[in-house]
$ cat upload39.txt   # compact mmCIF, C-alpha atoms
# COMPACT_ATOMS: atom_id res chain seq x y z
CA MET A 517 -54.93 -43.99 -3.13
CA LYS A 518 -53.69 -46.34 -0.43
CA SER A 519 -56.17 -47.46 2.20
CA ALA A 520 -56.02 -46.17 5.76
CA GLY A 521 -54.97 -49.64 6.89
CA THR A 522 -52.05 -49.71 4.48
CA TRP A 523 -50.80 -46.29 5.56
CA ALA A 524 -51.18 -47.29 9.20
CA ALA A 525 -49.04 -50.37 8.55
CA VAL A 526 -46.37 -48.32 6.83
CA ALA A 527 -46.47 -45.83 9.72
CA ALA A 528 -45.85 -48.67 12.12
CA ALA A 529 -42.88 -49.77 10.04
CA VAL A 530 -41.42 -46.27 10.06
CA VAL A 531 -41.78 -46.12 13.84
CA LEU A 532 -40.13 -49.52 14.26
CA MET A 533 -37.21 -48.55 12.03
CA ALA A 534 -36.58 -45.17 13.65
CA PRO A 535 -33.07 -44.72 15.07
CA VAL A 536 -34.50 -44.27 18.60
CA PRO A 537 -37.26 -46.32 20.21
CA ALA A 538 -40.75 -44.94 19.75
CA SER A 539 -42.18 -43.46 22.91
CA ALA A 540 -44.94 -45.59 24.36
CA HIS A 541 -47.77 -43.09 24.70
CA CYS A 542 -50.05 -45.78 26.12
CA ASP A 543 -47.89 -45.44 29.26
CA ALA A 544 -48.70 -41.75 29.68
CA LEU A 545 -51.24 -40.27 32.07
CA ASP A 546 -52.83 -38.46 29.13
CA GLY A 547 -52.63 -41.52 26.86
CA PRO A 548 -55.63 -43.46 25.56
CA VAL A 549 -55.35 -46.31 28.07
CA VAL A 550 -55.48 -44.04 31.12
CA GLN A 551 -58.21 -41.93 29.50
CA ASP A 552 -60.43 -44.98 29.31
CA ALA A 553 -59.42 -45.97 32.84
CA ARG A 554 -60.56 -42.56 34.09
CA ALA A 555 -63.84 -42.94 32.21
CA ALA A 556 -64.40 -46.36 33.76
CA LEU A 557 -63.84 -45.03 37.29
CA GLU A 558 -66.11 -42.04 36.75
CA LYS A 559 -68.90 -44.25 35.36
CA GLY A 560 -68.39 -46.98 37.93
CA ASP A 561 -68.20 -49.45 35.04
CA VAL A 562 -64.99 -51.27 34.14
CA ALA A 563 -66.12 -52.03 30.58
CA PRO A 564 -64.37 -49.07 28.86
CA ALA A 565 -61.01 -50.28 30.19
CA LEU A 566 -61.28 -53.97 29.35
CA LYS A 567 -60.63 -53.59 25.64
CA TRP A 568 -57.01 -52.66 26.38
CA VAL A 569 -56.12 -56.08 27.83
CA PRO A 570 -56.30 -59.65 26.52
CA PRO A 571 -58.97 -61.97 27.93
CA ALA A 572 -56.46 -63.68 30.23
CA ALA A 573 -55.87 -60.38 32.07
CA GLU A 574 -59.52 -59.41 32.44
CA ALA A 575 -60.00 -60.95 35.89
CA GLU A 576 -57.04 -59.03 37.31
CA VAL A 577 -58.33 -55.77 35.83
CA ARG A 578 -61.78 -56.36 37.29
CA GLY A 579 -60.26 -57.09 40.69
CA ALA A 580 -58.15 -53.94 40.64
CA PHE A 581 -61.20 -51.94 39.56
CA ARG A 582 -63.31 -53.24 42.45
CA GLN A 583 -60.56 -52.39 44.92
CA ALA A 584 -60.11 -48.91 43.49
CA VAL A 585 -63.83 -48.16 43.58
CA ALA A 586 -64.07 -49.36 47.19
CA VAL A 587 -61.27 -47.05 48.31
CA ARG A 588 -62.12 -43.96 46.25
CA GLY A 589 -64.85 -42.84 48.64
CA LEU A 590 -62.51 -42.54 51.61
CA GLY A 591 -61.28 -39.07 50.72
CA ARG A 592 -59.37 -37.10 48.11
CA GLU A 593 -55.99 -38.62 48.89
CA ALA A 594 -57.42 -42.12 48.95
CA GLN A 595 -59.13 -41.48 45.61
CA SER A 596 -55.87 -40.31 44.07
CA LEU A 597 -54.01 -43.39 45.29
CA ALA A 598 -56.80 -45.73 44.22
CA ASP A 599 -56.95 -44.19 40.75
CA ARG A 600 -53.19 -44.46 40.36
CA TYR A 601 -53.29 -48.10 41.38
CA PHE A 602 -55.92 -48.87 38.76
CA PHE A 603 -54.10 -46.90 36.04
CA GLU A 604 -50.85 -48.73 36.75
CA THR A 605 -52.52 -52.13 36.78
CA LEU A 606 -54.33 -51.52 33.51
CA VAL A 607 -51.29 -50.10 31.71
CA ARG A 608 -49.01 -52.85 33.01
CA LEU A 609 -51.34 -55.58 31.75
CA HIS A 610 -51.86 -53.78 28.46
CA ARG A 611 -48.10 -53.58 27.93
CA ALA A 612 -47.72 -57.25 28.83
CA GLY A 613 -50.38 -58.09 26.26
CA GLU A 614 -48.25 -56.32 23.66
CA GLY A 615 -45.18 -58.24 24.76
CA GLU A 616 -43.60 -55.03 26.07
CA GLU A 617 -41.99 -54.19 29.40
CA TYR A 618 -43.85 -51.93 31.81
CA THR A 619 -41.60 -49.19 33.16
CA GLY A 620 -44.16 -47.07 35.01
CA LEU A 621 -46.59 -44.32 34.12
CA LYS A 622 -45.22 -41.36 32.19
CA PRO A 623 -46.30 -37.77 33.00
CA ALA A 624 -48.92 -36.08 30.88
CA GLY A 625 -47.33 -34.22 28.00
CA SER A 626 -44.45 -36.69 27.62
CA ALA A 627 -42.77 -36.80 24.22
CA VAL A 628 -44.57 -38.95 21.66
CA ASP A 629 -43.14 -40.26 18.41
CA PRO A 630 -44.33 -38.03 15.52
CA ALA A 631 -45.86 -40.98 13.67
CA VAL A 632 -47.83 -42.03 16.75
CA ARG A 633 -49.07 -38.49 17.27
CA ALA A 634 -50.03 -38.16 13.60
CA ALA A 635 -51.89 -41.47 13.73
CA ASP A 636 -53.87 -40.34 16.79
CA GLU A 637 -54.66 -37.02 15.09
CA ALA A 638 -55.84 -38.88 11.99
CA LEU A 639 -58.32 -40.77 14.15
CA GLN A 640 -59.56 -37.56 15.75
CA CYS A 641 -60.09 -35.65 12.50
CA GLU A 642 -60.97 -38.76 10.43
CA CYS A 643 -58.44 -37.62 7.86
CA MET A 644 -54.90 -38.74 7.14
CA ASP A 645 -53.29 -36.07 5.01
CA ALA A 646 -50.73 -35.17 7.67
CA LEU A 647 -50.01 -38.82 8.45
CA ARG A 648 -49.60 -39.64 4.76
CA ARG A 649 -47.15 -36.79 4.23
CA LEU A 650 -45.14 -37.73 7.32
CA VAL A 651 -44.91 -41.40 6.43
CA ALA A 652 -44.14 -40.79 2.76
CA THR A 653 -41.39 -38.32 3.60
CA LYS A 654 -39.80 -40.56 6.24
CA LEU A 655 -39.99 -43.60 4.00
CA GLU A 656 -38.53 -41.84 0.96
CA HIS A 657 -35.68 -40.38 3.00
CA GLY A 658 -34.99 -43.73 4.67
CA LEU A 659 -34.79 -45.60 1.38
CA ALA A 660 -32.80 -42.90 -0.39
CA ALA A 661 -30.20 -42.58 2.37
CA ARG A 662 -29.62 -46.33 2.49
CA LEU A 663 -29.44 -46.62 -1.29
CA ASP A 664 -26.88 -43.82 -1.42
CA ARG A 665 -24.73 -45.65 1.13
CA VAL A 666 -24.91 -48.90 -0.84
CA LEU A 667 -23.96 -47.22 -4.13
CA ALA A 668 -21.05 -45.38 -2.54
CA ALA A 669 -19.78 -48.54 -0.84
CA ARG A 670 -20.14 -50.61 -4.00
CA LYS A 671 -17.74 -48.34 -5.88
CA ARG A 672 -14.98 -49.18 -3.40
CA ALA A 673 -15.95 -52.77 -2.59
CA GLY A 674 -13.14 -54.22 -4.70
CA GLU A 675 -10.35 -52.26 -3.03
CA SER A 676 -9.98 -54.59 -0.06
CA VAL A 677 -11.78 -57.15 2.06
CA GLU A 678 -12.60 -54.43 4.57
CA ARG A 679 -14.18 -52.27 1.85
CA GLY A 680 -16.06 -55.30 0.62
CA ARG A 681 -17.49 -55.90 4.07
CA GLU A 682 -18.55 -52.27 4.31
CA TYR A 683 -20.47 -52.77 1.08
CA VAL A 684 -22.11 -55.95 2.38
CA ALA A 685 -23.15 -54.20 5.60
CA ALA A 686 -24.69 -51.29 3.67
CA TYR A 687 -26.37 -53.66 1.23
CA THR A 688 -27.83 -55.77 4.06
CA GLU A 689 -29.20 -52.72 5.85
CA PHE A 690 -30.81 -51.39 2.66
CA VAL A 691 -32.42 -54.69 1.70
CA HIS A 692 -33.70 -55.43 5.21
CA TYR A 693 -35.14 -51.93 5.52
CA ALA A 694 -37.06 -52.40 2.26
CA GLU A 695 -38.12 -55.87 3.38
CA ARG A 696 -39.52 -54.63 6.70
CA VAL A 697 -41.52 -51.92 4.95
CA HIS A 698 -42.95 -54.45 2.51
CA GLN A 699 -43.83 -56.83 5.34
CA ALA A 700 -45.64 -54.06 7.19
CA VAL A 701 -47.70 -53.18 4.13
CA THR A 702 -48.51 -56.75 3.06
CA GLY A 703 -48.61 -58.45 6.45
CA SER A 704 -46.14 -61.08 5.22
CA ALA A 705 -43.50 -62.76 7.37
CA PRO A 706 -39.81 -62.77 6.43
CA HIS A 707 -38.58 -65.82 4.52
CA GLY A 708 -41.75 -67.80 5.22
CA GLU A 709 -41.52 -67.48 8.98
CA ALA A 710 -44.75 -67.33 10.99
CA ARG A 711 -45.59 -63.87 12.25
CA GLU A 712 -45.61 -63.36 15.99
CA THR A 713 -49.11 -62.73 17.25
CA ARG A 714 -49.31 -59.82 19.67
CA ALA A 715 -52.04 -57.57 21.02
CA VAL A 716 -52.17 -54.20 19.32
CA HIS A 717 -53.93 -50.92 19.92
CA PRO A 718 -57.54 -51.01 18.77
$ encode --input "upload39.txt" --output "structure tokens"
Amino acid sequence: MKSAGTWAAVAAAVVLMAPVPASAHCDALDGPVVQDARAALEKGDVAPALKWVPPAAEAEVRGAFRQAVAVRGLGREAQSLADRYFFETLVRLHRAGEGEEYTGLKPAGSAVDPAVRAADEALQCECMDALRRLVATKLEHGLAARLDRVLAARKRAGESVERGREYVAAYTEFVHYAERVHQAVTGSAPHGEARETRAVHP
């Protein structure tokens, strides 16, 4: 049986290779970053929120937290605005730590990529049967569809230069797809290149 870490890596690869960008649930008001931000404000202790940002951003988070706490006691509307300010600051810095653009907070209940949702559910139930089935199915279908395209294109590759280029394009997509999956599982970099170091979700 593959380890949870291996399946998590493959899940990440499937998300990255999806035809549409994965939704960033850490941007959502019901996402894990804002949940910890709410907990920090309720406790009056910024500690639960700090794990979501790199050390270089900690001072800014602490400053935003102090400002939010100071304003929260001025009334319900002030509390709502102060909380929003802290949520936005924390999420923005978290996204920056991941090397991603911050585009604002998403409403609670926003669409989440199925692999992301399954990974969160695996953490909650401490089981990964659903995640394993999802990843295995997506991976098998992804490989099979690309292999079918390569085989079909190869049969006609000799008919013309254009057909040959169609084969090369299908071949390149198939090989790179397999390569990205393997890199996700093994943690290796393509062609000896150094891997980019980025903050990830705990």
$ residues_around --input "upload39.txt" --residues "Glu689 of chain A" --least-positions-apart "5" --cutoff "10 Å" --atoms "all atoms listed in the file" --output "list in words"
Arg662, Leu663, Arg665, Val666, Tyr683, Val684, Ala694 and Glu695 of chain A
$ residues_around --input "upload39.txt" --residues "Glu604 of chain A" --least-positions-apart "4" --cutoff "8 Å" --atoms "all atoms listed in the file" --output "list in words"
Arg600, Arg608, Gly620 and Leu621 of chain A
$ atom_distance --input "upload39.txt" --atom1 "atom CA of His610 of chain A" --atom2 "atom CA of Val569 of chain A"
4.9 Å
$ closest_residue --input "upload39.txt" --among "A:Ala631, A:Ala686, A:Ala556, A:Leu545" --to "Ala652 of chain A" --atoms "all atoms listed in the file"
A:Ala631
$ atom_distance --input "upload39.txt" --atom1 "atom CA of Asp629 of chain A" --atom2 "atom CA of His541 of chain A"
8.3 Å
$ residues_near_point --input "upload39.txt" --point "(-34.6, -43.5, 4.6)" --cutoff "10 Å" --atoms "only C-alpha atoms" --output "VMD selection string"
chain A and resid 530 533 to 534 653 to 664 690 693 to 694
$ closest_residue --input "upload39.txt" --among "A:Val607, A:Val587, A:Leu650, A:Val691" --to "Lys567 of chain A" --atoms "only C-alpha atoms"
A:Val607
